[in-house]
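Okay, structure_24.pdb is below, PDB, C-alpha atoms:
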ATOM      1  CA  MET O   1     196.219 134.422  48.124
ATOM      2  CA  VAL O   2     195.705 134.269  51.839
ATOM      3  CA  SER O   3     194.381 130.970  53.129
ATOM      4  CA  TYR O   4     192.029 130.881  56.137
ATOM      5  CA  THR O   5     191.488 127.962  58.426
ATOM      6  CA  GLU O   6     187.991 127.247  59.780
ATOM      7  CA  ARG O   7     189.081 128.793  63.083
ATOM      8  CA  ASP O   8     190.176 131.928  61.224
ATOM      9  CA  LYS O   9     186.769 132.108  59.521
ATOM     10  CA  GLU O  10     184.952 131.820  62.832
ATOM     11  CA  SER O  11     187.148 134.503  64.371
ATOM     12  CA  LEU O  12     186.451 136.799  61.404
ATOM     13  CA  ILE O  13     182.702 136.281  61.710
ATOM     14  CA  TYR O  14     182.725 137.105  65.414
ATOM     15  CA  SER O  15     184.763 140.223  64.730
ATOM     16  CA  LEU O  16     182.145 141.291  62.158
ATOM     17  CA  ILE O  17     179.199 140.916  64.509
ATOM     18  CA  GLY O  18     181.164 142.841  67.135
ATOM     19  CA  SER O  19     178.991 143.818  70.054
ATOM     20  CA  ILE O  20     176.264 141.259  69.385
ATOM     21  CA  LYS O  21     176.003 139.169  72.513
ATOM     22  CA  GLN O  22     176.653 135.513  71.863
ATOM     23  CA  GLU O  23     173.843 133.316  73.134
ATOM     24  CA  GLY O  24     174.590 129.648  73.699
ATOM     25  CA  VAL O  25     177.480 127.587  72.372
ATOM     26  CA  LEU O  26     178.524 127.433  68.725
ATOM     27  CA  ASN O  27     176.650 124.457  67.320
ATOM     28  CA  GLY O  28     177.238 123.504  63.702
ATOM     29  CA  ALA O  29     176.319 126.339  61.376
ATOM     30  CA  LYS O  30     174.469 128.372  64.028
ATOM     31  CA  LEU O  31     176.673 131.171  65.400
ATOM     32  CA  HIS O  32     173.967 133.245  67.065
ATOM     33  CA  ARG O  33     170.214 133.025  67.542
ATOM     34  CA  ASN O  34     169.756 134.913  64.241
ATOM     35  CA  LEU O  35     173.116 134.263  62.490
ATOM     36  CA  TYR O  36     173.898 131.241  60.313
ATOM     37  CA  ILE O  37     176.699 130.135  57.961
ATOM     38  CA  VAL O  38     175.026 128.828  54.816
ATOM     39  CA  ALA O  39     178.226 128.599  52.678
ATOM     40  CA  PRO O  40     181.967 129.165  53.262
ATOM     41  CA  HIS O  41     181.717 132.852  52.298
ATOM     42  CA  ILE O  42     177.999 133.570  52.955
ATOM     43  CA  ILE O  43     176.493 134.627  56.250
ATOM     44  CA  LEU O  44     172.714 134.663  56.656
ATOM     45  CA  TRP O  45     171.107 136.960  59.209
ATOM     46  CA  ARG O  46     167.547 135.834  59.901
ATOM     47  CA  THR O  47     164.986 138.336  61.201
ATOM     48  CA  PRO O  48     162.154 136.568  62.994
ATOM     49  CA  SER O  49     158.871 137.083  61.179
ATOM     50  CA  VAL O  50     155.709 138.392  62.844
ATOM     51  CA  PRO O  51     152.341 137.045  61.671
ATOM     52  CA  LYS O  52     150.441 139.536  59.542
ATOM     53  CA  ASN O  53     147.569 139.930  61.984
ATOM     54  CA  ARG O  54     149.979 140.540  64.886
ATOM     55  CA  ARG O  55     151.803 143.228  62.888
ATOM     56  CA  LYS O  56     148.514 145.073  62.424
ATOM     57  CA  TYR O  57     147.639 145.115  66.108
ATOM     58  CA  MET O  58     151.173 146.022  67.164
ATOM     59  CA  LYS O  59     151.198 148.913  64.707
ATOM     60  CA  ASP O  60     147.992 150.843  65.397
ATOM     61  CA  ALA O  61     147.046 149.988  69.014
ATOM     62  CA  SER O  62     143.326 150.394  68.394
ATOM     63  CA  PHE O  63     140.764 149.923  71.134
ATOM     64  CA  ILE O  64     136.961 149.719  71.262
ATOM     65  CA  LEU O  65     134.499 151.958  73.093
ATOM     66  CA  GLY O  66     130.798 151.152  73.391
ATOM     67  CA  MET O  67     127.735 153.221  74.245
ATOM     68  CA  GLU O  68     123.942 153.099  73.971
ATOM     69  CA  THR O  69     120.859 155.294  74.285
ATOM     70  CA  MET O  70     117.602 153.604  75.308
ATOM     71  CA  VAL O  71     114.145 155.089  75.919
ATOM     72  CA  PRO O  72     111.208 153.030  77.250
ATOM     73  CA  GLN O  73     108.112 152.855  75.079
ATOM     74  CA  ALA O  74     106.010 155.009  77.430
ATOM     75  CA  GLU O  75     108.531 157.880  77.329
ATOM     76  CA  ILE O  76     108.980 158.216  73.563
ATOM     77  CA  VAL O  77     107.667 161.525  72.181
ATOM     78  CA  ASP O  78     107.717 162.492  68.507
ATOM     79  CA  ASN O  79     110.713 164.546  67.385
ATOM     80  CA  VAL O  80     112.224 164.806  70.857
ATOM     81  CA  PRO O  81     115.980 164.045  70.944
ATOM     82  CA  TYR O  82     117.234 161.468  73.441
ATOM     83  CA  SER O  83     120.937 161.342  74.268
ATOM     84  CA  SER O  84     123.530 159.538  76.347
ATOM     85  CA  SER O  85     127.198 160.413  76.753
ATOM     86  CA  ILE O  86     130.560 158.793  77.376
ATOM     87  CA  ASP O  87     133.541 160.403  79.096
ATOM     88  CA  VAL O  88     136.675 160.257  76.906
ATOM     89  CA  SER O  89     138.765 162.756  78.892
ATOM     90  CA  ALA O  90     141.300 160.014  79.659
ATOM     91  CA  TYR O  91     142.209 159.948  75.949
ATOM     92  CA  VAL O  92     142.212 163.701  75.202
ATOM     93  CA  ASP O  93     144.637 166.358  76.469
ATOM     94  CA  ILE O  94     144.692 169.556  74.388
ATOM     95  CA  PRO O  95     147.729 171.242  76.080
ATOM     96  CA  ASP O  96     149.703 168.028  75.562
ATOM     97  CA  GLY O  97     148.480 167.673  71.959
ATOM     98  CA  ARG O  98     146.725 164.348  72.573
ATOM     99  CA  LEU O  99     143.557 163.662  70.547
ATOM    100  CA  LEU O 100     141.184 160.739  70.089
ATOM    101  CA  ARG O 101     141.005 159.381  66.551
ATOM    102  CA  ILE O 102     137.713 157.606  65.836
ATOM    103  CA  LYS O 103     138.398 155.256  62.948
ATOM    104  CA  ALA O 104     135.072 153.452  62.554
ATOM    105  CA  VAL O 105     131.578 153.389  64.057
ATOM    106  CA  ASN O 106     128.974 150.601  63.930
ATOM    107  CA  PHE O 107     125.351 151.348  64.845
ATOM    108  CA  ARG O 108     122.543 148.983  65.813
ATOM    109  CA  LEU O 109     118.844 149.783  66.267
ATOM    110  CA  THR O 110     116.803 147.426  68.455
ATOM    111  CA  ASP O 111     113.953 147.498  70.921
ATOM    112  CA  GLU O 112     114.693 147.846  74.631
ATOM    113  CA  ASN O 113     115.236 144.067  74.892
ATOM    114  CA  ASN O 114     117.867 144.009  72.095
ATOM    115  CA  LEU O 115     115.387 142.360  69.718
ATOM    116  CA  PRO O 116     115.159 143.341  66.037
ATOM    117  CA  LEU O 117     113.426 146.647  65.492
ATOM    118  CA  ASN O 118     110.109 146.023  63.747
ATOM    119  CA  PRO O 119     107.455 148.341  65.138
ATOM    120  CA  LEU O 120     104.421 146.080  64.833
ATOM    121  CA  VAL O 121     101.151 147.838  65.514
ATOM    122  CA  ALA O 122      98.747 146.535  68.136
ATOM    123  CA  THR O 123      95.849 147.033  65.772
ATOM    124  CA  GLN O 124      95.663 147.782  62.068
ATOM    125  CA  LYS O 125      96.055 151.424  61.266
ATOM    126  CA  ALA O 126      93.233 153.150  59.417
ATOM    127  CA  THR O 127      95.550 154.824  56.908
ATOM    128  CA  ASP O 128      98.986 154.495  55.389
ATOM    129  CA  SER O 129     101.692 155.263  57.961
ATOM    130  CA  GLU O 130     105.369 156.150  58.076
ATOM    131  CA  MET O 131     107.974 156.208  60.804
ATOM    132  CA  ASP O 132     111.664 157.168  60.960
ATOM    133  CA  VAL O 133     114.564 156.994  63.388
ATOM    134  CA  ALA O 134     117.425 159.475  62.938
ATOM    135  CA  TYR O 135     120.592 158.916  64.979
ATOM    136  CA  HIS O 136     124.061 160.377  65.259
ATOM    137  CA  LEU O 137     127.309 160.355  67.244
ATOM    138  CA  SER O 138     128.758 163.804  67.929
ATOM    139  CA  THR O 139     131.248 165.777  70.005
ATOM    140  CA  SER O 140     128.499 167.944  71.521
ATOM    141  CA  GLU O 141     124.856 167.327  72.367
ATOM    142  CA  LYS O 142     122.397 168.205  69.576
ATOM    143  CA  ALA O 143     118.747 168.936  70.374
ATOM    144  CA  TYR O 144     117.609 168.908  66.743
ATOM    145  CA  ARG O 145     117.799 166.914  63.529
ATOM    146  CA  VAL O 146     121.331 167.398  62.317
ATOM    147  CA  SER O 147     122.827 168.374  58.993
ATOM    148  CA  LEU O 148     126.176 167.125  57.752
ATOM    149  CA  ALA O 149     127.205 170.777  57.516
ATOM    150  CA  ASP O 150     127.731 170.430  61.262
ATOM    151  CA  THR O 151     131.318 169.244  61.562
ATOM    152  CA  ASN O 152     130.719 167.990  65.101
ATOM    153  CA  ILE O 153     128.973 164.971  63.593
ATOM    154  CA  ILE O 154     131.243 161.933  63.813
ATOM    155  CA  ALA O 155     128.749 159.465  62.311
ATOM    156  CA  SER O 156     125.031 159.494  61.551
ATOM    157  CA  GLY O 157     122.265 157.483  59.935
ATOM    158  CA  LEU O 158     118.556 157.261  59.193
ATOM    159  CA  ASP O 159     116.050 154.389  59.121
ATOM    160  CA  TYR O 160     112.701 154.965  57.422
ATOM    161  CA  PHE O 161     109.731 152.588  57.762
ATOM    162  CA  LEU O 162     106.485 152.500  55.801
ATOM    163  CA  ALA O 163     103.223 150.661  56.540
ATOM    164  CA  THR O 164     100.644 150.477  53.801
ATOM    165  CA  HIS O 165      97.024 150.111  54.958
ATOM    166  CA  ALA O 166      95.942 147.573  55.990
ATOM    167  CA  GLN O 167      99.188 145.766  56.742
ATOM    168  CA  ASP O 168     100.094 144.901  60.309
ATOM    169  CA  CYS O 169     103.807 145.623  60.111
ATOM    170  CA  TRP O 170     106.260 148.295  59.133
ATOM    171  CA  ILE O 171     108.515 147.674  56.137
ATOM    172  CA  ASN O 172     112.018 149.094  56.473
ATOM    173  CA  ILE O 173     112.452 150.744  53.093
ATOM    174  CA  PHE O 174     115.585 152.713  53.876
ATOM    175  CA  SER O 175     118.365 151.962  56.314
ATOM    176  CA  GLY O 176     121.926 153.103  56.440
ATOM    177  CA  GLY O 177     124.592 155.505  57.620
ATOM    178  CA  ASP O 178     125.129 158.693  55.672
ATOM    179  CA  SER O 179     128.383 159.677  57.385
ATOM    180  CA  THR O 180     130.994 157.486  59.066
ATOM    181  CA  PRO O 181     134.671 158.033  60.018
ATOM    182  CA  GLU O 182     135.803 155.342  57.586
ATOM    183  CA  ASP O 183     134.677 157.657  54.781
ATOM    184  CA  TRP O 184     137.775 159.743  55.516
ATOM    185  CA  GLU O 185     141.419 158.785  55.113
ATOM    186  CA  ASP O 186     142.354 159.721  58.689
ATOM    187  CA  GLY O 187     139.038 159.073  60.441
ATOM    188  CA  PHE O 188     137.586 161.696  62.792
ATOM    189  CA  LEU O 189     139.789 163.523  65.316
ATOM    190  CA  ALA O 190     137.902 164.338  68.520
ATOM    191  CA  ALA O 191     139.177 167.133  70.761
ATOM    192  CA  THR O 192     136.499 166.951  73.432
ATOM    193  CA  ASP O 193     136.046 165.284  76.806
ATOM    194  CA  THR O 194     132.613 163.866  75.969
ATOM    195  CA  LEU O 195     130.942 162.063  73.057
ATOM    196  CA  TRP O 196     127.155 162.025  72.579
ATOM    197  CA  LEU O 197     124.916 159.352  71.037
ATOM    198  CA  THR O 198     121.511 160.792  70.115
ATOM    199  CA  PHE O 199     118.364 159.664  68.346
ATOM    200  CA  GLN O 200     114.896 160.987  67.663
ATOM    201  CA  THR O 201     111.899 159.408  66.005
ATOM    202  CA  GLU O 202     108.495 160.263  64.602
ATOM    203  CA  ASN O 203     105.374 158.063  64.636
ATOM    204  CA  TYR O 204     107.010 155.304  66.644
ATOM    205  CA  ASP O 205     104.151 152.992  67.662
ATOM    206  CA  VAL O 206     103.184 153.779  71.264
ATOM    207  CA  ASN O 207     101.753 150.271  71.660
ATOM    208  CA  TYR O 208     105.089 148.621  70.995
ATOM    209  CA  SER O 209     108.365 148.371  72.906
ATOM    210  CA  GLY O 210     111.085 150.862  73.715
ATOM    211  CA  LEU O 211     113.808 151.960  71.321
ATOM    212  CA  LYS O 212     117.581 151.535  71.712
ATOM    213  CA  VAL O 213     120.449 152.822  69.582
ATOM    214  CA  SER O 214     123.823 151.269  70.451
ATOM    215  CA  ALA O 215     127.240 151.860  68.925
ATOM    216  CA  GLN O 216     130.778 150.514  68.903
ATOM    217  CA  LEU O 217     133.676 152.866  68.167
ATOM    218  CA  GLU O 218     137.123 151.794  66.976
ATOM    219  CA  CYS O 219     139.554 154.346  68.392
ATOM    220  CA  GLU O 220     143.197 155.175  68.936
ATOM    221  CA  MET O 221     145.073 157.988  70.666
ATOM    222  CA  VAL O 222     147.156 160.264  68.429
ATOM    223  CA  LYS O 223     149.713 162.983  69.127
ATOM    224  CA  ALA O 224     149.579 166.404  67.499
ATOM    225  CA  THR O 225     151.188 169.759  68.179
ATOM    226  CA  ARG O 226     149.508 171.877  70.823
ATOM    227  CA  ALA O 227     148.529 174.432  68.153
ATOM    228  CA  ASP O 228     146.920 171.797  65.922
ATOM    229  CA  ALA O 229     145.054 170.226  68.839
ATOM    230  CA  LEU O 230     143.760 173.635  69.889
ATOM    231  CA  SER O 231     142.614 174.383  66.332
ATOM    232  CA  VAL O 232     140.611 171.151  66.215
ATOM    233  CA  ALA O 233     139.096 171.875  69.635
ATOM    234  CA  VAL O 234     138.045 175.403  68.631
ATOM    235  CA  ALA O 235     136.523 174.192  65.353
ATOM    236  CA  GLN O 236     134.459 171.543  67.125
ATOM    237  CA  ALA O 237     133.359 173.972  69.840
ATOM    238  CA  THR O 238     132.006 176.481  67.320
ATOM    239  CA  SER O 239     130.463 174.185  64.705
ATOM    240  CA  ALA O 240     126.666 174.143  64.368
ATOM    241  CA  ALA O 241     124.233 173.580  61.519
TER     242      ALA O 241
END

Just dump the structure as structure tokens.
Amino acid sequence: MVSYTERDKESLIYSLIGSIKQEGVLNGAKLHRNLYIVAPHIILWRTPSVPKNRRKYMKDASFILGMETMVPQAEIVDNVPYSSSIDVSAYVDIPDGRLLRIKAVNFRLTDENNLPLNPLVATQKATDSEMDVAYHLSTSEKAYRVSLADTNIIASGLDYFLATHAQDCWINIFSGGDSTPEDWEDGFLAATDTLWLTFQTENYDVNYSGLKVSAQLECEMVKATRADALSVAVAQATSAA
């Protein structure tokens, strides 16, 4: 049996780690910033851990975009769509195969002062009343109430209010999104330079305040082949329902 001195063992260890650059001076059991001797014939290589939340952010590189559409009270007309847009051309390049993945969308409905939406009437109405707000985020501007058969719709929702005579306030009896990117495994891939946030309403009280729909989008840039990116772009350019 061959007998090794401690110096022989150290020489063998350094020959094993080869091209790893030694940092600092050998101090006790620590041979390298990540290499330790824990027993005469056992070498432990320690990989520094990364906190779980840091791993998530390092992995997906998500970022947030925000947008809003606001119409003053005096300008609101029944069943007329109101839209605003955001330029996302910095994140999309079809020839290069770069697309914008929208992973999640959060909507908020408020008045023009960012106060809770509760369309109080100035005076009691003479009959039962109803009011709704339909809203959606899309890859092209829509001048009508949308259907989910339109694959340009990234996210959408509907709030429906009812006032029973002779109450002085609207009761929100239905509120919620009916389509959001988080419903899908891979979110929504946008192949357009512009996104549109649109709403329209009916019977919104003209004596009350304006109406604002705001949204936050969780996004990331993704790489596809040029052919795949072009296919997505063509599909979104021709979709309508």

Just so the selection is clear, what residues does the PyMOL selection byres ((chain O and resi 236) around 12) cover here, as a CSV table (one decimal) with C-alpha atoms, in the coordinates of the input?
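Contents of result-v6.csv, freshly written:
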chain,number,residue,atom,x,y,z
O,138,SER,CA,128.8,163.8,67.9
O,139,THR,CA,131.2,165.8,70.0
O,140,SER,CA,128.5,167.9,71.5
O,141,GLU,CA,124.9,167.3,72.4
O,150,ASP,CA,127.7,170.4,61.3
O,151,THR,CA,131.3,169.2,61.6
O,152,ASN,CA,130.7,168.0,65.1
O,153,ILE,CA,129.0,165.0,63.6
O,154,ILE,CA,131.2,161.9,63.8
O,188,PHE,CA,137.6,161.7,62.8
O,189,LEU,CA,139.8,163.5,65.3
O,190,ALA,CA,137.9,164.3,68.5
O,191,ALA,CA,139.2,167.1,70.8
O,192,THR,CA,136.5,167.0,73.4
O,193,ASP,CA,136.0,165.3,76.8
O,194,THR,CA,132.6,163.9,76.0
O,195,LEU,CA,130.9,162.1,73.1
O,229,ALA,CA,145.1,170.2,68.8
O,230,LEU,CA,143.8,173.6,69.9
O,231,SER,CA,142.6,174.4,66.3
O,232,VAL,CA,140.6,171.2,66.2
O,233,ALA,CA,139.1,171.9,69.6
O,234,VAL,CA,138.0,175.4,68.6
O,235,ALA,CA,136.5,174.2,65.4
O,237,ALA,CA,133.4,174.0,69.8
O,238,THR,CA,132.0,176.5,67.3
O,239,SER,CA,130.5,174.2,64.7
O,240,ALA,CA,126.7,174.1,64.4
O,241,ALA,CA,124.2,173.6,61.5

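As for CA of Val80 (chain O) and CA of Asp132 (chain O), they are spaced 12.5 Å apart.
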
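Put simply, CA of Asn113 (chain O) is 21.7 Å away from CA of Leu137 (chain O).
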
- Using all atoms listed in the file, which of the listed residues (O:Val133, O:Leu148, O:Val88, O:Val71) sits closest to Ile102 (chain O)? O:Val88

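CA of Trp184 (chain O) to CA of Ala149 (chain O) spans 15.4 Å [interatomic distance, one decimal].
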
- Within 6 Å of Glu112 (chain O), counting all atoms listed in the file, which residues qualify if same-chain residues fewer than 5 places away don't, as a PyMOL selection string? chain O and resi 210-212

- Message: When you look at Asp183 (chain O) with a cut-off of 9 Å (counting only C-alpha atoms), what residues show up, excluding the ones that are within fewer than 4 positions of it in the same chain? I need them as a VMD selection string.
- Response: chain O and resid 104 179 187

Output the residue selection produced by the PyMOL selection byres ((chain O and resi 93) around 10) on the file above, formatted as a JSON list (two decimals) with C-alpha atoms, keeping the file's coordinate frame.
[["chain", "number", "residue", "atom", "x", "y", "z"],
["O", 89, "SER", "CA", 138.76, 162.76, 78.89],
["O", 90, "ALA", "CA", 141.30, 160.01, 79.66],
["O", 91, "TYR", "CA", 142.21, 159.95, 75.95],
["O", 92, "VAL", "CA", 142.21, 163.70, 75.20],
["O", 94, "ILE", "CA", 144.69, 169.56, 74.39],
["O", 95, "PRO", "CA", 147.73, 171.24, 76.08],
["O", 96, "ASP", "CA", 149.70, 168.03, 75.56],
["O", 97, "GLY", "CA", 148.48, 167.67, 71.96],
["O", 98, "ARG", "CA", 146.72, 164.35, 72.57],
["O", 99, "LEU", "CA", 143.56, 163.66, 70.55],
["O", 100, "LEU", "CA", 141.18, 160.74, 70.09],
["O", 191, "ALA", "CA", 139.18, 167.13, 70.76],
["O", 192, "THR", "CA", 136.50, 166.95, 73.43],
["O", 193, "ASP", "CA", 136.05, 165.28, 76.81],
["O", 223, "LYS", "CA", 149.71, 162.98, 69.13],
["O", 226, "ARG", "CA", 149.51, 171.88, 70.82],
["O", 229, "ALA", "CA", 145.05, 170.23, 68.84],
["O", 230, "LEU", "CA", 143.76, 173.64, 69.89]]
